[in-house]
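Trainee: This is the structure I want to talk about, given as structure tokens.
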Amino acid sequence: MLLQNKIALITGGASGIGRATALLLAREGARVLIGDVNRDAGEAVAQEIVGNGGHAIFEPADVTSAAHCGRLIERSVREFGGIHILFNNAGIIRRAAITELSENDWDRVMDVNVKSIYLLSREVIPVMAKAGGGSIINTASGWGISAGPKAAVYCASKGAVVLLTKAMAIDHGPQAIRVNCICPGDTDTAMLRNEAQQLGEATDKFLAGAAQRPLGRMGKPEEIAQAVLYLASDASSFVTGTALVVDGGGLAGSI
Amino acid sequence: MRLSNKVALITGGTSGIGEATALLFSKEGARVAITGRNEKRGHEVTASILQSGREAVFIRTDVRKAAECERSVEETVKKFGVLDILFNNAGIFYPQTTLECSEEEWDLQIDINLKGTFLMSKYALPHMIAKGSGVIINNSSGWGIVGGDKAVAYCASKGGVVLLTKAMAIDHGKQGIRVNCICPGDVETPMLPEDARMRGMRWEDYLAGCSNRPLGRIGTADEIAKAVLFLASEDSSFMTGAALVVDGGGTAD
């Protein structure tokens with residue numbers, strides 16, 4: 001097991017990539033705290049892990065609230081004794097060009113996707129530093145490196161995540177805290193299906209488009225979770241400030 | 001074990017990152033063929049693997065030569081029956097500006113670092129395509145993404161490796177083959193003190209410069225090998241065309 005005696009906090013852990021990562025990290029021996037706004041689904045993931053013989057707790061949290069973020073850290077420190085791994089994964093998407101995007105939606109996406117990383121990391125870094133180091137993994141996106149249509153605020157937010165990751169890596173490397181991000185391509189999650197709805201497209205047509213990449217298919221949440229595990233574990237001990245692209249070749253170039 | 005029953009061919013496997021990767025792959029269950037130009041070192045590496053009860057073979061290969069590349073692939077397949085993983089790792093480096101680099105030195109670096117990757121892949125791919133799966137990992141460099149001082153041919157070759165990786169990923173993804181590269185920062189290998197010597201620098205000063213990165217140290221060959229293992233294993237099943245930077249944060253700024 002790669003994460004024996006490690007403690008991991010996963011935001012957006014109730015579904016999709018967050019859920020798959022919670023299950024995988026727990027299977028590798030980590031004690032997992034799941035934060036999410038979705039209480040029922042979050043509790044269910046924690047129970048599933050406990051049912052598998054692992055350690056997990058759920059804490060309802062809106063990561064755009066500094067108070068909620070503080071509570072998450074407190075709970076992990078109180079019940080597990082610290083935090084070694086922070087997976088900033090909570091995220092939302094609005095499929096709209098800026099001319100169709102409300103200020104409210106702009107703020108909401110930026111707060112969930114970017115500000116939450118700041119709010120949580122500023123609390124977690126002192127805890128990690130005291131313990132002699134840690135690993136922070138942020139969920140960016142392929143669209144944090146190259147942009148796509150009708151996703152202006154999402155692209156802006158994920159681009160911000162990539163560079164926030166690098167900036168944090170520079171600042172906290174000397175404290176042995178590694179900071180990296182993953183850049184998934186289209187992955188078979190509820191969020192992806194929701195994009196089809198937002199765009200008013202038929203789901204099967206939308207998903208067929210998502211499979212248009214060198215590997216000819218979408219990703220599975222478990223495949224993204226494996227990349228997070230690599231970055232969370234000591235296997236990546238010399239990796240920091242990196243954007244790990246996991247996208248079936250989507251960004252390699254035009255097919 | 002993450003590479004049980006897999007067969008891996010590693011170029012430049014006689015020292016440094018290649019050697020560390022050969023040892024790690026074999027520990028993870030792979031049968032390993034290593035190539036290199038130094039026969040003595042090659043047999044030392046395979047001997048240490050054989051001693052642990054695992055299978056390994058050394059095939060003397062100059063990756064600049066198509067016939068030798070073809071022969072190393074064919075010998076690997078003949079010995080182990082299949083080829084699952086190719087790690088194009090052989091590389092060479094001279095610290096030179098454009099004015100200092102002779103045409104011969106230019107050709108040597110481009111041919112080993114870049115053309116060797118093309119040639120080895122050219123002969124390995126048909127075996128992988130025939131069975132509908134395979135993984136190629138190319139060794140690029142942090143200096144395949146950003147430039148460095150006195151390293152013109154090296155930077156050109158490694159930048160070439162990054163984009164060759166992506167182009168191959170596009171062409172062969174549908175055939176079930178994943179192609180990725182790693183971009184290591186300065187790593188504790190024989191190449192590093194050799195670079196210091198060629199630059200006429202004291203090792204202490206040189207090392208301090210290399211360590212000047214967010215993690216405050218150079219990497220170990222084993223840390224790079226672990227990145228190669230990740231890309232070689234099923235853990236990276238949705239990754240292709242990627243450049244995995246393993247540099248202690250060196251290119252973050």
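Ligands are numbered from 1 in the order shown, chains are lettered A, B, ... in the order of the structure tokens, and residues start at 1 in each chain.
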Near segment 40-56 of chain B, within 7 Å and counting only C-alpha atoms, which residues show up once chain neighbours fewer than 6 positions away are dropped, as a PyMOL selection string?

Mentor: chain B and resi 14+19+23+26+31-33

Trainee: Within 10 Å of chain B, which residues belong to chain A? Use only C-alpha atoms and report them as a VMD selection string.

Mentor: chain A and resid 162 to 163 165 to 180 184 to 185 187 213 to 220 222 to 227 229 to 231 234 to 255

Trainee: As a PyMOL selection string, please: the residues near Met128 of chain B (cut-off 10 Å, only C-alpha atoms, same-chain neighbours under 3 positions excluded).

Mentor: chain B and resi 82-86+121+123-125+131-136+172+175-177

Trainee: Using backbone DSSP assignments, extract all strand (DSSP E) residues from segment 65-228 of chain A; output them as a PDB file with C-alpha atoms, in the first residue's frame.

Mentor:
ATOM      1  CA  ILE A  85      -2.440  15.113   1.288  1.00  0.00           C
ATOM      2  CA  LEU A  86      -4.844  17.797   0.115  1.00  0.00           C
ATOM      3  CA  PHE A  87      -6.743  17.123  -3.099  1.00  0.00           C
ATOM      4  CA  ASN A  88      -8.423  20.366  -4.150  1.00  0.00           C
ATOM      5  CA  GLY A 134       3.002  17.162   2.320  1.00  0.00           C
ATOM      6  CA  SER A 135       1.470  16.936  -1.113  1.00  0.00           C
ATOM      7  CA  ILE A 136      -1.188  19.234  -2.546  1.00  0.00           C
ATOM      8  CA  ILE A 137      -2.902  18.223  -5.764  1.00  0.00           C
ATOM      9  CA  ASN A 138      -5.246  20.578  -7.567  1.00  0.00           C
ATOM     10  CA  THR A 139      -7.707  19.616 -10.254  1.00  0.00           C
ATOM     11  CA  ILE A 177       5.433  20.618   0.380  1.00  0.00           C
ATOM     12  CA  ARG A 178       4.919  19.520  -3.196  1.00  0.00           C
ATOM     13  CA  VAL A 179       2.150  21.182  -5.197  1.00  0.00           C
ATOM     14  CA  ASN A 180       1.002  19.764  -8.521  1.00  0.00           C
ATOM     15  CA  CYS A 181      -2.134  19.728 -10.602  1.00  0.00           C
ATOM     16  CA  ILE A 182      -3.813  17.263 -12.873  1.00  0.00           C
ATOM     17  CA  CYS A 183      -5.291  18.263 -16.211  1.00  0.00           C
ATOM     18  CA  PRO A 184      -7.912  15.666 -17.071  1.00  0.00           C
TER      19      PRO A 184
END

Trainee: In Å, with one decimal, what is the gap from atom CA of Tyr118 of chain A to atom CA of Gly159 of chain A?

Mentor: 14.6 Å

Trainee: Please compute the atom CA of Gly144 of chain A-atom CA of His68 of chain A distance, one decimal, in Å.

Mentor: 26.3 Å

Trainee: Per DSSP on the backbone, what are the helix (DSSP H, G or I) residues of segment 5-250 of chain A, as an MDAnalysis selection string?

Mentor: chainID A and resid 16:27 39:51 66:80 98:100 103:130 142:144 152:175 190:199 203:210 221:232 234:236

Trainee: What's the 9 Å shell around Ile112 of chain B, counting only C-alpha atoms, without same-chain residues fewer than 5 positions away, as a PyMOL selection string?

Mentor: chain B and resi 62-64+90-92+107+117+157

Trainee: Keeping only C-alpha atoms, write those residues as a compact mmCIF listing (two decimals), in the first residue's frame.

Mentor:
# COMPACT_ATOMS: atom_id res chain seq x y z
CA ASP B 62 24.26 2.19 -31.17
CA VAL B 63 20.85 3.84 -31.53
CA ARG B 64 22.15 6.04 -34.35
CA ALA B 90 19.78 6.81 -24.52
CA GLY B 91 21.06 10.34 -24.48
CA ILE B 92 24.17 12.45 -24.69
CA ASP B 107 24.85 15.39 -35.40
CA THR B 117 14.01 7.54 -30.51
CA SER B 157 17.02 17.38 -29.55

Trainee: List the spatial neighbours of Thr189 of chain A as a VMD selection string - criterion: any atom at most 8 Å away, only C-alpha atoms, same-chain residues fewer than 4 positions off excluded.

Mentor: chain A and resid 15 to 17 193 220 to 221

Trainee: Keeping only N, CA and C atoms, write those residues as a short mmCIF file (atom, residue, chain, number, x, y, z; two decimals), in the first residue's frame.

Mentor:
data_model
loop_
_atom_site.label_atom_id
_atom_site.label_comp_id
_atom_site.auth_asym_id
_atom_site.auth_seq_id
_atom_site.Cartn_x
_atom_site.Cartn_y
_atom_site.Cartn_z
N SER A 15 -18.59 12.69 -5.60
CA SER A 15 -18.93 12.12 -6.92
C SER A 15 -17.73 12.21 -7.85
N GLY A 16 -17.87 11.57 -8.99
CA GLY A 16 -16.90 11.69 -10.08
C GLY A 16 -15.47 11.38 -9.69
N ILE A 17 -14.56 12.26 -10.13
CA ILE A 17 -13.13 12.06 -9.89
C ILE A 17 -12.81 12.07 -8.40
N ARG A 193 -21.84 14.96 -18.32
CA ARG A 193 -23.19 14.82 -18.86
C ARG A 193 -24.00 16.10 -18.69
N LYS A 220 -11.98 7.35 -17.55
CA LYS A 220 -12.78 6.88 -16.43
C LYS A 220 -12.30 7.60 -15.18
N PRO A 221 -13.18 7.90 -14.25
CA PRO A 221 -12.75 8.58 -13.02
C PRO A 221 -11.60 7.83 -12.33
#

Trainee: Smallest atom-to-atom distance to Phe118 of chain B: which of B:Ile137, B:Cys155, B:Ile59, B:Cys183, using only C-alpha atoms?

Mentor: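 Ranking B:Ile137, B:Cys155, B:Ile59, B:Cys183 by distance to Phe118 of chain B, first place goes to B:Ile137.
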
Trainee: Which polymer residues have any atom within 10 Å of an atom of Trp106 of chain A, counting only C-alpha atoms, with same-chain residues fewer than 2 positions away left out, as a ChimeraX atom specification?

Mentor: /A:94,98,101-104,108-111,152-154,156-157

Trainee: Take the residues from that selection and write them out as a PDB file, in the first residue's frame, keeping C-alpha atoms.

Mentor:
ATOM      1  CA  ARG A  94     -20.700  26.898 -16.908  1.00  0.00           C
ATOM      2  CA  ILE A  98     -18.760  35.730 -21.795  1.00  0.00           C
ATOM      3  CA  LEU A 101     -22.359  34.715 -18.752  1.00  0.00           C
ATOM      4  CA  SER A 102     -23.796  36.496 -15.724  1.00  0.00           C
ATOM      5  CA  GLU A 103     -21.475  38.156 -13.232  1.00  0.00           C
ATOM      6  CA  ASN A 104     -22.947  35.856 -10.653  1.00  0.00           C
ATOM      7  CA  ARG A 108     -19.413  31.337  -8.580  1.00  0.00           C
ATOM      8  CA  VAL A 109     -17.106  29.373 -10.919  1.00  0.00           C
ATOM      9  CA  MET A 110     -14.020  31.345  -9.880  1.00  0.00           C
ATOM     10  CA  ASP A 111     -14.851  30.900  -6.200  1.00  0.00           C
ATOM     11  CA  ALA A 152     -14.831  31.192 -20.894  1.00  0.00           C
ATOM     12  CA  VAL A 153     -14.977  31.313 -17.122  1.00  0.00           C
ATOM     13  CA  TYR A 154     -14.160  27.627 -16.762  1.00  0.00           C
ATOM     14  CA  ALA A 156     -10.065  31.184 -17.032  1.00  0.00           C
ATOM     15  CA  SER A 157     -10.492  29.395 -13.719  1.00  0.00           C
TER      16      SER A 157
END

Trainee: Segment 30-32 of chain A: which residues within 6 Å, counting only C-alpha atoms, same-chain residues fewer than 4 positions away excluded, as a ChimeraX atom specification?

Mentor: /A:3-4,6-9,25-26,55-56

Trainee: Restricting it to N, CA and C atoms, dump the selection as a PDB file, in the first residue's frame.

Mentor:
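The resulting result.pdb:
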ATOM      1  N   LEU A   3      -0.002   4.478   0.605  1.00  0.00           N
ATOM      2  CA  LEU A   3      -0.313   5.631   1.463  1.00  0.00           C
ATOM      3  C   LEU A   3      -0.582   5.225   2.912  1.00  0.00           C
ATOM      4  N   GLN A   4       0.129   4.202   3.344  1.00  0.00           N
ATOM      5  CA  GLN A   4       0.002   3.752   4.727  1.00  0.00           C
ATOM      6  C   GLN A   4       0.259   4.915   5.699  1.00  0.00           C
ATOM      7  N   LYS A   6      -1.091   7.711   5.985  1.00  0.00           N
ATOM      8  CA  LYS A   6      -1.285   9.063   5.458  1.00  0.00           C
ATOM      9  C   LYS A   6      -2.730   9.514   5.681  1.00  0.00           C
ATOM     10  N   ILE A   7      -2.896  10.822   5.760  1.00  0.00           N
ATOM     11  CA  ILE A   7      -4.220  11.415   5.936  1.00  0.00           C
ATOM     12  C   ILE A   7      -4.490  12.336   4.753  1.00  0.00           C
ATOM     13  N   ALA A   8      -5.634  12.132   4.111  1.00  0.00           N
ATOM     14  CA  ALA A   8      -5.943  12.898   2.898  1.00  0.00           C
ATOM     15  C   ALA A   8      -7.271  13.628   3.040  1.00  0.00           C
ATOM     16  N   LEU A   9      -7.277  14.868   2.607  1.00  0.00           N
ATOM     17  CA  LEU A   9      -8.517  15.642   2.519  1.00  0.00           C
ATOM     18  C   LEU A   9      -8.860  15.823   1.051  1.00  0.00           C
ATOM     19  N   LEU A  25      -7.461   6.168  -2.704  1.00  0.00           N
ATOM     20  CA  LEU A  25      -6.520   6.554  -1.658  1.00  0.00           C
ATOM     21  C   LEU A  25      -6.772   5.748  -0.379  1.00  0.00           C
ATOM     22  N   ALA A  26      -8.053   5.512  -0.091  1.00  0.00           N
ATOM     23  CA  ALA A  26      -8.383   4.712   1.094  1.00  0.00           C
ATOM     24  C   ALA A  26      -7.897   3.276   0.912  1.00  0.00           C
ATOM     25  N   HIS A  55     -10.717   3.752   6.293  1.00  0.00           N
ATOM     26  CA  HIS A  55     -11.062   4.830   7.212  1.00  0.00           C
ATOM     27  C   HIS A  55     -11.494   6.055   6.431  1.00  0.00           C
ATOM     28  N   ALA A  56     -12.707   6.536   6.719  1.00  0.00           N
ATOM     29  CA  ALA A  56     -13.166   7.741   6.040  1.00  0.00           C
ATOM     30  C   ALA A  56     -14.229   8.433   6.874  1.00  0.00           C
TER      31      ALA A  56
END
